[in-house]
file run_20.cif (mmCIF, C-alpha atoms)
data_target
loop_
_atom_site.group_PDB
_atom_site.id
_atom_site.type_symbol
_atom_site.label_atom_id
_atom_site.label_comp_id
_atom_site.auth_asym_id
_atom_site.auth_seq_id
_atom_site.Cartn_x
_atom_site.Cartn_y
_atom_site.Cartn_z
ATOM 1 C CA MET A 1 35.727 241.893 152.947
ATOM 2 C CA ASN A 2 36.227 242.679 149.282
ATOM 3 C CA LEU A 3 37.009 246.355 148.537
ATOM 4 C CA LYS A 4 36.755 246.094 144.761
ATOM 5 C CA ASN A 5 35.753 249.314 142.963
ATOM 6 C CA LYS A 6 36.361 251.341 146.123
ATOM 7 C CA THR A 7 38.973 254.059 146.587
ATOM 8 C CA PHE A 8 40.470 255.096 149.925
ATOM 9 C CA LEU A 9 42.561 258.126 150.813
ATOM 10 C CA ILE A 10 45.331 257.187 153.260
ATOM 11 C CA THR A 11 47.460 259.815 155.005
ATOM 12 C CA GLY A 12 50.807 258.745 156.400
ATOM 13 C CA ALA A 13 50.791 256.064 153.732
ATOM 14 C CA THR A 14 54.531 255.797 153.259
ATOM 15 C CA SER A 15 55.572 254.032 156.474
ATOM 16 C CA GLY A 16 54.446 251.974 159.448
ATOM 17 C CA ILE A 17 50.742 251.272 159.844
ATOM 18 C CA GLY A 18 49.809 253.468 156.893
ATOM 19 C CA LEU A 19 52.045 251.564 154.467
ATOM 20 C CA GLU A 20 50.803 248.194 155.738
ATOM 21 C CA LEU A 21 47.216 249.415 155.409
ATOM 22 C CA CYS A 22 47.826 250.338 151.770
ATOM 23 C CA ALA A 23 49.164 246.826 151.176
ATOM 24 C CA GLN A 24 46.079 245.289 152.809
ATOM 25 C CA ILE A 25 43.681 247.460 150.778
ATOM 26 C CA LEU A 26 45.415 246.405 147.568
ATOM 27 C CA LYS A 27 45.239 242.732 148.634
ATOM 28 C CA HIS A 28 41.488 243.199 149.108
ATOM 29 C CA GLN A 29 41.220 244.608 145.552
ATOM 30 C CA GLY A 30 40.689 248.217 146.595
ATOM 31 C CA ASP A 31 42.375 251.326 145.208
ATOM 32 C CA ILE A 32 44.399 253.786 147.268
ATOM 33 C CA ILE A 33 45.230 257.443 147.144
ATOM 34 C CA GLY A 34 48.461 257.280 149.082
ATOM 35 C CA VAL A 35 49.561 260.517 150.708
ATOM 36 C CA GLY A 36 53.004 261.128 152.154
ATOM 37 C CA ARG A 37 56.286 262.972 151.815
ATOM 38 C CA ASN A 38 58.431 260.131 150.435
ATOM 39 C CA LEU A 39 56.557 257.938 147.984
ATOM 40 C CA ASP A 40 59.340 255.471 147.093
ATOM 41 C CA LYS A 41 58.037 252.563 149.190
ATOM 42 C CA LEU A 42 54.495 253.047 147.908
ATOM 43 C CA GLN A 43 55.662 253.119 144.310
ATOM 44 C CA LYS A 44 57.473 249.809 144.846
ATOM 45 C CA LEU A 45 54.321 248.364 146.407
ATOM 46 C CA LEU A 46 52.151 249.370 143.444
ATOM 47 C CA ILE A 47 54.448 247.582 140.996
ATOM 48 C CA ASN A 48 52.844 244.344 142.215
ATOM 49 C CA TYR A 49 49.388 245.614 141.206
ATOM 50 C CA PRO A 50 49.721 246.801 137.568
ATOM 51 C CA GLU A 51 45.949 246.692 136.918
ATOM 52 C CA ASN A 52 45.191 248.870 139.931
ATOM 53 C CA ASN A 53 43.838 252.416 139.585
ATOM 54 C CA SER A 54 45.633 253.796 142.611
ATOM 55 C CA LYS A 55 47.178 257.247 142.815
ATOM 56 C CA LEU A 56 50.039 258.689 144.858
ATOM 57 C CA ILE A 57 50.145 262.315 146.004
ATOM 58 C CA LYS A 58 53.202 263.865 147.608
ATOM 59 C CA CYS A 59 52.095 266.122 150.439
ATOM 60 C CA ASP A 60 53.567 267.629 153.593
ATOM 61 C CA LEU A 61 50.650 267.921 156.025
ATOM 62 C CA GLU A 62 52.355 270.847 157.752
ATOM 63 C CA ASP A 63 51.885 272.930 154.593
ATOM 64 C CA GLN A 64 48.376 274.290 154.011
ATOM 65 C CA SER A 65 49.050 275.010 150.337
ATOM 66 C CA GLN A 66 50.032 271.364 149.778
ATOM 67 C CA ILE A 67 46.875 270.214 151.560
ATOM 68 C CA ASP A 68 44.837 272.463 149.232
ATOM 69 C CA THR A 69 46.570 270.894 146.229
ATOM 70 C CA LEU A 70 45.912 267.419 147.637
ATOM 71 C CA THR A 71 42.169 267.966 148.036
ATOM 72 C CA SER A 72 41.913 269.636 144.621
ATOM 73 C CA ASN A 73 43.593 266.675 142.907
ATOM 74 C CA CYS A 74 41.779 264.037 144.936
ATOM 75 C CA PRO A 75 38.949 262.174 143.164
ATOM 76 C CA ALA A 76 35.775 261.115 144.968
ATOM 77 C CA VAL A 77 36.535 258.532 147.653
ATOM 78 C CA ASP A 78 34.758 255.699 149.464
ATOM 79 C CA GLY A 79 36.716 256.223 152.646
ATOM 80 C CA ILE A 80 39.599 257.924 154.411
ATOM 81 C CA VAL A 81 42.099 256.694 156.979
ATOM 82 C CA HIS A 82 44.129 259.299 158.850
ATOM 83 C CA SER A 83 47.304 257.447 159.762
ATOM 84 C CA ALA A 84 49.754 260.353 159.661
ATOM 85 C CA GLY A 85 51.173 261.407 162.984
ATOM 86 C CA PHE A 86 54.191 261.559 165.228
ATOM 87 C CA VAL A 87 55.003 261.591 168.938
ATOM 88 C CA VAL A 88 56.555 264.316 171.058
ATOM 89 C CA ASN A 89 57.433 263.440 174.664
ATOM 90 C CA MET A 90 57.242 266.670 176.628
ATOM 91 C CA PRO A 91 56.908 267.043 180.408
ATOM 92 C CA PHE A 92 54.567 269.941 181.064
ATOM 93 C CA SER A 93 57.305 271.885 182.868
ATOM 94 C CA PHE A 94 59.083 272.043 179.504
ATOM 95 C CA PHE A 95 55.989 272.627 177.366
ATOM 96 C CA SER A 96 56.688 274.278 174.010
ATOM 97 C CA PHE A 97 53.787 275.809 172.093
ATOM 98 C CA ASP A 98 55.827 275.767 168.884
ATOM 99 C CA LYS A 99 56.375 272.010 169.132
ATOM 100 C CA PHE A 100 52.761 271.469 170.136
ATOM 101 C CA LYS A 101 51.422 273.472 167.177
ATOM 102 C CA ARG A 102 53.493 271.369 164.778
ATOM 103 C CA LEU A 103 52.338 268.148 166.449
ATOM 104 C CA ARG A 104 48.710 269.281 166.396
ATOM 105 C CA GLN A 105 48.887 270.296 162.734
ATOM 106 C CA VAL A 106 49.956 266.830 161.588
ATOM 107 C CA ASN A 107 48.058 264.668 164.071
ATOM 108 C CA GLN A 108 44.819 266.644 164.248
ATOM 109 C CA ASP A 109 44.384 269.810 162.183
ATOM 110 C CA SER A 110 45.427 268.340 158.832
ATOM 111 C CA ILE A 111 42.630 265.770 158.758
ATOM 112 C CA ILE A 112 40.090 268.425 159.752
ATOM 113 C CA GLN A 113 41.294 270.538 156.832
ATOM 114 C CA ILE A 114 41.202 267.591 154.431
ATOM 115 C CA LEU A 115 37.754 266.454 155.531
ATOM 116 C CA TYR A 116 36.245 269.923 155.391
ATOM 117 C CA SER A 117 37.581 270.541 151.890
ATOM 118 C CA LEU A 118 36.500 267.161 150.494
ATOM 119 C CA ILE A 119 33.030 267.497 152.008
ATOM 120 C CA LYS A 120 32.635 270.970 150.513
ATOM 121 C CA GLN A 121 33.685 269.593 147.136
ATOM 122 C CA LYS A 122 31.275 266.655 147.549
ATOM 123 C CA LYS A 123 34.127 264.185 147.112
ATOM 124 C CA ILE A 124 33.159 261.856 149.965
ATOM 125 C CA LYS A 125 30.572 259.413 148.685
ATOM 126 C CA ASN A 126 27.511 258.301 150.615
ATOM 127 C CA ASP A 127 28.121 255.026 152.499
ATOM 128 C CA SER A 128 31.790 255.909 152.963
ATOM 129 C CA SER A 129 33.855 254.873 155.970
ATOM 130 C CA ILE A 130 36.238 257.252 157.743
ATOM 131 C CA VAL A 131 38.779 255.936 160.261
ATOM 132 C CA PHE A 132 41.083 257.994 162.468
ATOM 133 C CA ILE A 133 44.056 256.240 164.033
ATOM 134 C CA SER A 134 44.035 257.398 167.641
ATOM 135 C CA SER A 135 45.913 255.823 170.559
ATOM 136 C CA ILE A 136 45.341 254.285 173.981
ATOM 137 C CA SER A 137 47.158 257.430 175.158
ATOM 138 C CA ALA A 138 43.924 259.337 174.515
ATOM 139 C CA SER A 139 42.221 257.388 177.312
ATOM 140 C CA PHE A 140 45.017 256.487 179.729
ATOM 141 C CA ALA A 141 47.465 259.056 181.091
ATOM 142 C CA MET A 142 51.182 258.569 180.596
ATOM 143 C CA LYS A 143 53.815 260.938 181.961
ATOM 144 C CA ALA A 144 55.248 263.505 179.536
ATOM 145 C CA ASN A 145 52.701 262.483 176.924
ATOM 146 C CA SER A 146 50.033 265.188 177.257
ATOM 147 C CA PRO A 147 50.708 266.953 173.894
ATOM 148 C CA TYR A 148 50.407 263.737 171.864
ATOM 149 C CA ALA A 149 47.491 262.465 173.950
ATOM 150 C CA MET A 150 45.534 265.694 173.452
ATOM 151 C CA THR A 151 45.814 265.469 169.668
ATOM 152 C CA LYS A 152 44.590 261.882 169.724
ATOM 153 C CA ALA A 153 41.757 262.504 172.191
ATOM 154 C CA SER A 154 40.459 265.238 169.891
ATOM 155 C CA LEU A 155 40.156 262.697 167.071
ATOM 156 C CA ASN A 156 37.999 260.482 169.283
ATOM 157 C CA ILE A 157 35.387 263.123 170.008
ATOM 158 C CA LEU A 158 35.537 264.471 166.449
ATOM 159 C CA SER A 159 34.746 260.990 165.153
ATOM 160 C CA LYS A 160 31.796 260.510 167.489
ATOM 161 C CA THR A 161 30.361 263.935 166.648
ATOM 162 C CA LEU A 162 30.695 263.495 162.897
ATOM 163 C CA SER A 163 29.231 260.001 163.053
ATOM 164 C CA ALA A 164 25.986 261.635 164.220
ATOM 165 C CA GLU A 165 26.138 264.590 161.829
ATOM 166 C CA PHE A 166 26.651 262.473 158.707
ATOM 167 C CA SER A 167 24.533 259.446 159.572
ATOM 168 C CA LYS A 168 21.805 260.456 157.073
ATOM 169 C CA LYS A 169 24.343 259.987 154.297
ATOM 170 C CA ARG A 170 25.471 256.754 155.948
ATOM 171 C CA ILE A 171 29.013 258.080 156.159
ATOM 172 C CA ARG A 172 30.539 256.222 159.081
ATOM 173 C CA PHE A 173 33.215 257.594 161.423
ATOM 174 C CA ASN A 174 35.246 255.391 163.775
ATOM 175 C CA THR A 175 38.583 255.474 165.550
ATOM 176 C CA VAL A 176 41.049 252.730 166.361
ATOM 177 C CA SER A 177 43.322 253.084 169.384
ATOM 178 C CA PRO A 178 46.487 251.010 169.132
ATOM 179 C CA GLY A 179 48.929 250.335 171.884
ATOM 180 C CA MET A 180 52.622 250.090 171.104
ATOM 181 C CA VAL A 181 53.313 248.782 167.604
ATOM 182 C CA GLU A 182 56.711 247.911 166.149
ATOM 183 C CA THR A 183 57.166 250.947 163.881
ATOM 184 C CA GLN A 184 59.772 253.668 163.425
ATOM 185 C CA ILE A 185 58.002 255.651 166.157
ATOM 186 C CA THR A 186 58.692 252.783 168.571
ATOM 187 C CA LYS A 187 62.340 252.677 167.513
ATOM 188 C CA ASP A 188 62.626 256.415 168.046
ATOM 189 C CA ALA A 189 61.017 256.065 171.463
ATOM 190 C CA SER A 190 63.551 253.396 172.368
ATOM 191 C CA GLU A 191 66.375 255.791 171.503
ATOM 192 C CA ASN A 192 64.812 258.739 173.330
ATOM 193 C CA LEU A 193 63.535 256.972 176.427
ATOM 194 C CA GLY A 194 66.080 254.173 176.659
ATOM 195 C CA LYS A 195 65.880 250.487 175.778
ATOM 196 C CA ASP A 196 65.359 249.397 179.391
ATOM 197 C CA ARG A 197 62.261 251.560 179.728
ATOM 198 C CA ILE A 198 60.822 250.225 176.490
ATOM 199 C CA GLU A 199 61.509 246.621 177.501
ATOM 200 C CA ASN A 200 59.789 247.177 180.848
ATOM 201 C CA ASP A 201 56.804 248.613 179.005
ATOM 202 C CA ARG A 202 56.747 245.689 176.574
ATOM 203 C CA LYS A 203 56.311 243.299 179.512
ATOM 204 C CA LYS A 204 53.030 245.043 180.391
ATOM 205 C CA TYR A 205 51.454 243.787 177.147
ATOM 206 C CA PRO A 206 49.970 240.295 177.609
ATOM 207 C CA LEU A 207 50.379 239.621 173.886
ATOM 208 C CA GLY A 208 53.533 241.708 173.449
ATOM 209 C CA TYR A 209 53.913 244.697 171.169
ATOM 210 C CA GLY A 210 51.936 244.575 167.956
ATOM 211 C CA GLU A 211 52.946 244.599 164.309
ATOM 212 C CA PRO A 212 51.545 247.065 161.726
ATOM 213 C CA GLU A 213 49.309 244.364 160.223
ATOM 214 C CA ASP A 214 47.667 243.830 163.633
ATOM 215 C CA VAL A 215 46.208 247.328 163.298
ATOM 216 C CA ALA A 216 45.766 247.406 159.521
ATOM 217 C CA LYS A 217 43.582 244.302 159.301
ATOM 218 C CA PRO A 218 40.908 245.515 161.766
ATOM 219 C CA ILE A 219 40.828 248.790 159.818
ATOM 220 C CA ILE A 220 40.064 246.795 156.665
ATOM 221 C CA PHE A 221 37.034 245.443 158.517
ATOM 222 C CA LEU A 222 35.921 248.987 159.375
ATOM 223 C CA LEU A 223 36.350 250.091 155.756
ATOM 224 C CA SER A 224 34.368 247.174 154.400
ATOM 225 C CA ASP A 225 30.626 246.540 154.234
ATOM 226 C CA TYR A 226 31.086 243.952 156.996
ATOM 227 C CA SER A 227 30.972 246.879 159.426
ATOM 228 C CA LYS A 228 28.165 248.847 157.753
ATOM 229 C CA TRP A 229 26.234 249.039 161.071
ATOM 230 C CA ILE A 230 29.194 250.296 163.079
ATOM 231 C CA THR A 231 29.797 254.006 163.587
ATOM 232 C CA GLY A 232 30.986 256.256 166.400
ATOM 233 C CA ILE A 233 33.092 253.613 168.156
ATOM 234 C CA ASP A 234 36.676 253.593 169.397
ATOM 235 C CA LEU A 235 38.246 250.174 168.850
ATOM 236 C CA PHE A 236 41.135 249.332 171.186
ATOM 237 C CA ILE A 237 43.847 247.254 169.504
ATOM 238 C CA ASP A 238 46.464 246.853 172.186
ATOM 239 C CA GLY A 239 47.435 243.249 172.838
ATOM 240 C CA GLY A 240 45.545 243.345 176.131
ATOM 241 C CA ARG A 241 47.491 246.298 177.552
ATOM 242 C CA THR A 242 44.489 248.282 178.795
ATOM 243 C CA SER A 243 42.996 245.209 180.431
ATOM 244 C CA THR A 244 45.867 245.379 182.923
ATOM 245 C CA ILE A 245 45.582 249.090 183.783
#

call {"tool": "encode", "arguments": {"input": "run_20.cif", "output": "structure tokens"}}
result
Amino acid sequence: MNLKNKTFLITGATSGIGLELCAQILKHQGDIIGVGRNLDKLQKLLINYPENNSKLIKCDLEDQSQIDTLTSNCPAVDGIVHSAGFVVNMPFSFFSFDKFKRLRQVNQDSIIQILYSLIKQKKIKNDSSIVFISSISASFAMKANSPYAMTKASLNILSKTLSAEFSKKRIRFNTVSPGMVETQITKDASENLGKDRIENDRKKYPLGYGEPEDVAKPIIFLLSDYSKWITGIDLFIDGGRTSTI
């Protein structure tokens, strides 16, 4: 699964799954365009790859002007992974449109804006691979999770639709749907929901909670030519969680 001479744009590249994915791409000899708000960790990562042609772009995906700058400065790419996102737990009785709009902008709207701009500028090469990081929440209901789940479910249908629209250019679109992974989001959830609730949830995973590399490595497969006949799928990566629902 060599990614040599290929360049991939990664949103949310500065932490969690996105940061691990950047590390895996570099290990497989690919180049990254790492996008995030705090680039310190990525800069430290790139020190280990002095011959690499990677590029880092500071960008707040809530700011349309910064997204415009990102797409203007972005070179042609062989793939994109939308890893940026965050969780808001919100029972519907306390629904806030302001919070939902912010959540939707980062999780959903930003990648639509990026894709549309890069396609118009002809910066997505033929035979590229696009991967959206969705969630098992898009397919299985969880209380107080409707805002987050809606943003992820939209990525699933967007991916399937675009996989058909761009098949003539052999641009592939797929989603991966992780379960709970040990990231900062999980730590925040533990603080917000309580450690006991998180521990009870952890027991529902036959293989336990995942690590960022458990999601990043399957994405490498989807970015590589090993998956050149795969498009329009949603790959569950959940340690067996959905097999028990």

call {"tool": "resolve_selection", "arguments": {"input": "run_20.cif", "expression": "the PyMOL selection byres ((chain A and resi 104) around 10)", "output": "count of residues only"}}
result
21

call {"tool": "resolve_selection", "arguments": {"input": "run_20.cif", "expression": "the PyMOL selection byres ((chain A and resi 163) around 8)", "output": "list in words"}}
result
Ser159, Lys160, Thr161, Leu162, Ala164, Glu165, Phe166, Ser167, Ile171, Arg172, Phe173, Asn174, Thr231 and Gly232 of chain A

call {"tool": "closest_atom_pairs", "arguments": {"input": "run_20.cif", "of": "stretch 190-225 of chain A", "to": "stretch 7-20 of chain A", "cutoff": "12 Å", "atoms": "all atoms listed in the file", "output": "JSON lines"}}
result
{"residue": "A:Gly210", "atom": "CA", "partner": "A:Ile17", "partner_atom": "CA", "distance": 10.6}
{"residue": "A:Glu211", "atom": "CA", "partner": "A:Ile17", "partner_atom": "CA", "distance": 8.3}
{"residue": "A:Pro212", "atom": "CA", "partner": "A:Ile17", "partner_atom": "CA", "distance": 4.7}
{"residue": "A:Glu213", "atom": "CA", "partner": "A:Glu20", "partner_atom": "CA", "distance": 6.1}
{"residue": "A:Asp214", "atom": "CA", "partner": "A:Ile17", "partner_atom": "CA", "distance": 8.9}
{"residue": "A:Val215", "atom": "CA", "partner": "A:Ile17", "partner_atom": "CA", "distance": 6.9}
{"residue": "A:Ala216", "atom": "CA", "partner": "A:Ile17", "partner_atom": "CA", "distance": 6.3}
{"residue": "A:Lys217", "atom": "CA", "partner": "A:Glu20", "partner_atom": "CA", "distance": 8.9}
{"residue": "A:Pro218", "atom": "CA", "partner": "A:Ile17", "partner_atom": "CA", "distance": 11.6}
{"residue": "A:Ile219", "atom": "CA", "partner": "A:Ile17", "partner_atom": "CA", "distance": 10.2}
{"residue": "A:Ile220", "atom": "CA", "partner": "A:Phe8", "partner_atom": "CA", "distance": 10.7}
{"residue": "A:Leu223", "atom": "CA", "partner": "A:Phe8", "partner_atom": "CA", "distance": 8.7}
{"residue": "A:Ser224", "atom": "CA", "partner": "A:Phe8", "partner_atom": "CA", "distance": 11.0}

call {"tool": "atom_distance", "arguments": {"input": "run_20.cif", "atom1": "atom CA of A:Gln24", "atom2": "atom CA of A:Ser83"}}
result
14.1 Å

call {"tool": "closest_residue", "arguments": {"input": "run_20.cif", "among": "A:Ile136, A:Ile198, A:Ile33, A:Ile25", "to": "A:Asp238", "atoms": "only C-alpha atoms"}}
result
A:Ile136

call {"tool": "closest_residue", "arguments": {"input": "run_20.cif", "among": "A:Asn53, A:Gly179, A:Trp229, A:Ile111", "to": "A:Ser243", "atoms": "all atoms listed in the file"}}
result
A:Gly179

call {"tool": "resolve_selection", "arguments": {"input": "run_20.cif", "expression": "the PyMOL selection byres ((chain A and resi 208) around 10)", "output": "ChimeraX atom specification"}}
result
/A:179-181,201-207,209-211,238-241

call {"tool": "axis_aligned_box", "arguments": {"input": "run_20.cif", "around": "stretch 152-164 of chain A", "padding_each_side": "3 Å", "output": "lines of an AutoDock Vina configuration file"}}
result
center_x = 35.3
center_y = 262.6
center_z = 167.5
size_x = 24.6
size_y = 11.2
size_z = 15.3

call {"tool": "atom_distance", "arguments": {"input": "run_20.cif", "atom1": "atom CA of A:Ile237", "atom2": "atom CA of A:Ser146"}}
result
20.5 Å

call {"tool": "closest_residue", "arguments": {"input": "run_20.cif", "among": "A:Asp31, A:Asp40, A:Asp234, A:Glu182", "to": "A:Ser134", "atoms": "all atoms listed in the file"}}
result
A:Asp234

call {"tool": "atom_distance", "arguments": {"input": "run_20.cif", "atom1": "atom CA of A:Ala76", "atom2": "atom CA of A:Ser117"}}
result
11.8 Å

call {"tool": "decode", "arguments": {"input": "run_20.cif", "residues": "stretch 106-135 of chain A", "atoms": "N, CA and C atoms", "output": "PDB file, in the first residue's frame"}}
result
ATOM      1  N   VAL A 106     -18.540  22.639  10.903  1.00  0.00           N
ATOM      2  CA  VAL A 106     -17.265  21.913  10.989  1.00  0.00           C
ATOM      3  C   VAL A 106     -17.402  20.480  10.483  1.00  0.00           C
ATOM      4  N   ASN A 107     -18.418  19.782  10.957  1.00  0.00           N
ATOM      5  CA  ASN A 107     -18.560  18.359  10.630  1.00  0.00           C
ATOM      6  C   ASN A 107     -18.986  18.118   9.190  1.00  0.00           C
ATOM      7  N   GLN A 108     -19.827  18.991   8.654  1.00  0.00           N
ATOM      8  CA  GLN A 108     -20.450  18.727   7.356  1.00  0.00           C
ATOM      9  C   GLN A 108     -20.173  19.795   6.308  1.00  0.00           C
ATOM     10  N   ASP A 109     -20.563  21.040   6.587  1.00  0.00           N
ATOM     11  CA  ASP A 109     -20.531  22.075   5.550  1.00  0.00           C
ATOM     12  C   ASP A 109     -19.126  22.367   5.044  1.00  0.00           C
ATOM     13  N   SER A 110     -18.144  22.342   5.945  1.00  0.00           N
ATOM     14  CA  SER A 110     -16.780  22.710   5.555  1.00  0.00           C
ATOM     15  C   SER A 110     -16.236  21.808   4.453  1.00  0.00           C
ATOM     16  N   ILE A 111     -16.487  20.506   4.545  1.00  0.00           N
ATOM     17  CA  ILE A 111     -15.956  19.610   3.519  1.00  0.00           C
ATOM     18  C   ILE A 111     -16.704  19.778   2.205  1.00  0.00           C
ATOM     19  N   ILE A 112     -17.996  20.133   2.269  1.00  0.00           N
ATOM     20  CA  ILE A 112     -18.726  20.435   1.042  1.00  0.00           C
ATOM     21  C   ILE A 112     -18.115  21.653   0.366  1.00  0.00           C
ATOM     22  N   GLN A 113     -17.805  22.671   1.153  1.00  0.00           N
ATOM     23  CA  GLN A 113     -17.195  23.887   0.620  1.00  0.00           C
ATOM     24  C   GLN A 113     -15.809  23.613   0.032  1.00  0.00           C
ATOM     25  N   ILE A 114     -15.027  22.813   0.734  1.00  0.00           N
ATOM     26  CA  ILE A 114     -13.682  22.479   0.252  1.00  0.00           C
ATOM     27  C   ILE A 114     -13.751  21.671  -1.042  1.00  0.00           C
ATOM     28  N   LEU A 115     -14.580  20.651  -1.047  1.00  0.00           N
ATOM     29  CA  LEU A 115     -14.722  19.808  -2.233  1.00  0.00           C
ATOM     30  C   LEU A 115     -15.181  20.603  -3.445  1.00  0.00           C
ATOM     31  N   TYR A 116     -16.215  21.395  -3.248  1.00  0.00           N
ATOM     32  CA  TYR A 116     -16.772  22.172  -4.362  1.00  0.00           C
ATOM     33  C   TYR A 116     -15.719  23.090  -4.964  1.00  0.00           C
ATOM     34  N   SER A 117     -14.968  23.771  -4.100  1.00  0.00           N
ATOM     35  CA  SER A 117     -13.944  24.696  -4.573  1.00  0.00           C
ATOM     36  C   SER A 117     -12.817  23.979  -5.306  1.00  0.00           C
ATOM     37  N   LEU A 118     -12.352  22.862  -4.745  1.00  0.00           N
ATOM     38  CA  LEU A 118     -11.238  22.134  -5.378  1.00  0.00           C
ATOM     39  C   LEU A 118     -11.664  21.514  -6.702  1.00  0.00           C
ATOM     40  N   ILE A 119     -12.901  21.044  -6.774  1.00  0.00           N
ATOM     41  CA  ILE A 119     -13.402  20.484  -8.031  1.00  0.00           C
ATOM     42  C   ILE A 119     -13.501  21.571  -9.093  1.00  0.00           C
ATOM     43  N   LYS A 120     -13.993  22.745  -8.709  1.00  0.00           N
ATOM     44  CA  LYS A 120     -14.105  23.850  -9.653  1.00  0.00           C
ATOM     45  C   LYS A 120     -12.742  24.294 -10.157  1.00  0.00           C
ATOM     46  N   GLN A 121     -11.743  24.189  -9.287  1.00  0.00           N
ATOM     47  CA  GLN A 121     -10.381  24.576  -9.670  1.00  0.00           C
ATOM     48  C   GLN A 121      -9.611  23.425 -10.331  1.00  0.00           C
ATOM     49  N   LYS A 122     -10.281  22.290 -10.489  1.00  0.00           N
ATOM     50  CA  LYS A 122      -9.677  21.102 -11.100  1.00  0.00           C
ATOM     51  C   LYS A 122      -8.422  20.668 -10.340  1.00  0.00           C
ATOM     52  N   LYS A 123      -8.533  20.673  -9.011  1.00  0.00           N
ATOM     53  CA  LYS A 123      -7.395  20.300  -8.172  1.00  0.00           C
ATOM     54  C   LYS A 123      -7.529  18.907  -7.568  1.00  0.00           C
ATOM     55  N   ILE A 124      -8.578  18.179  -7.944  1.00  0.00           N
ATOM     56  CA  ILE A 124      -8.705  16.785  -7.516  1.00  0.00           C
ATOM     57  C   ILE A 124      -8.434  15.912  -8.733  1.00  0.00           C
ATOM     58  N   LYS A 125      -7.361  15.174  -8.679  1.00  0.00           N
ATOM     59  CA  LYS A 125      -6.915  14.394  -9.834  1.00  0.00           C
ATOM     60  C   LYS A 125      -7.850  13.217 -10.106  1.00  0.00           C
ATOM     61  N   ASN A 126      -7.881  12.779 -11.345  1.00  0.00           N
ATOM     62  CA  ASN A 126      -8.564  11.521 -11.667  1.00  0.00           C
ATOM     63  C   ASN A 126      -7.919  10.394 -10.866  1.00  0.00           C
ATOM     64  N   ASP A 127      -8.703   9.373 -10.538  1.00  0.00           N
ATOM     65  CA  ASP A 127      -8.239   8.226  -9.746  1.00  0.00           C
ATOM     66  C   ASP A 127      -7.947   8.584  -8.292  1.00  0.00           C
ATOM     67  N   SER A 128      -8.485   9.697  -7.831  1.00  0.00           N
ATOM     68  CA  SER A 128      -8.300  10.086  -6.431  1.00  0.00           C
ATOM     69  C   SER A 128      -9.231   9.279  -5.519  1.00  0.00           C
ATOM     70  N   SER A 129      -8.941   9.343  -4.232  1.00  0.00           N
ATOM     71  CA  SER A 129      -9.771   8.671  -3.235  1.00  0.00           C
ATOM     72  C   SER A 129     -10.156   9.667  -2.148  1.00  0.00           C
ATOM     73  N   ILE A 130     -11.466   9.812  -1.918  1.00  0.00           N
ATOM     74  CA  ILE A 130     -11.976  10.721  -0.905  1.00  0.00           C
ATOM     75  C   ILE A 130     -12.614   9.894   0.213  1.00  0.00           C
ATOM     76  N   VAL A 131     -12.255  10.201   1.455  1.00  0.00           N
ATOM     77  CA  VAL A 131     -12.795   9.464   2.599  1.00  0.00           C
ATOM     78  C   VAL A 131     -13.347  10.456   3.613  1.00  0.00           C
ATOM     79  N   PHE A 132     -14.593  10.255   3.998  1.00  0.00           N
ATOM     80  CA  PHE A 132     -15.202  11.030   5.082  1.00  0.00           C
ATOM     81  C   PHE A 132     -15.233  10.163   6.335  1.00  0.00           C
ATOM     82  N   ILE A 133     -14.795  10.718   7.459  1.00  0.00           N
ATOM     83  CA  ILE A 133     -14.915   9.987   8.714  1.00  0.00           C
ATOM     84  C   ILE A 133     -16.290  10.271   9.295  1.00  0.00           C
ATOM     85  N   SER A 134     -17.135   9.262   9.280  1.00  0.00           N
ATOM     86  CA  SER A 134     -18.492   9.354   9.794  1.00  0.00           C
ATOM     87  C   SER A 134     -18.509   8.769  11.209  1.00  0.00           C
ATOM     88  N   SER A 135     -19.528   8.038  11.554  1.00  0.00           N
ATOM     89  CA  SER A 135     -19.644   7.468  12.897  1.00  0.00           C
ATOM     90  C   SER A 135     -20.755   6.423  12.906  1.00  0.00           C
TER      91      SER A 135
END
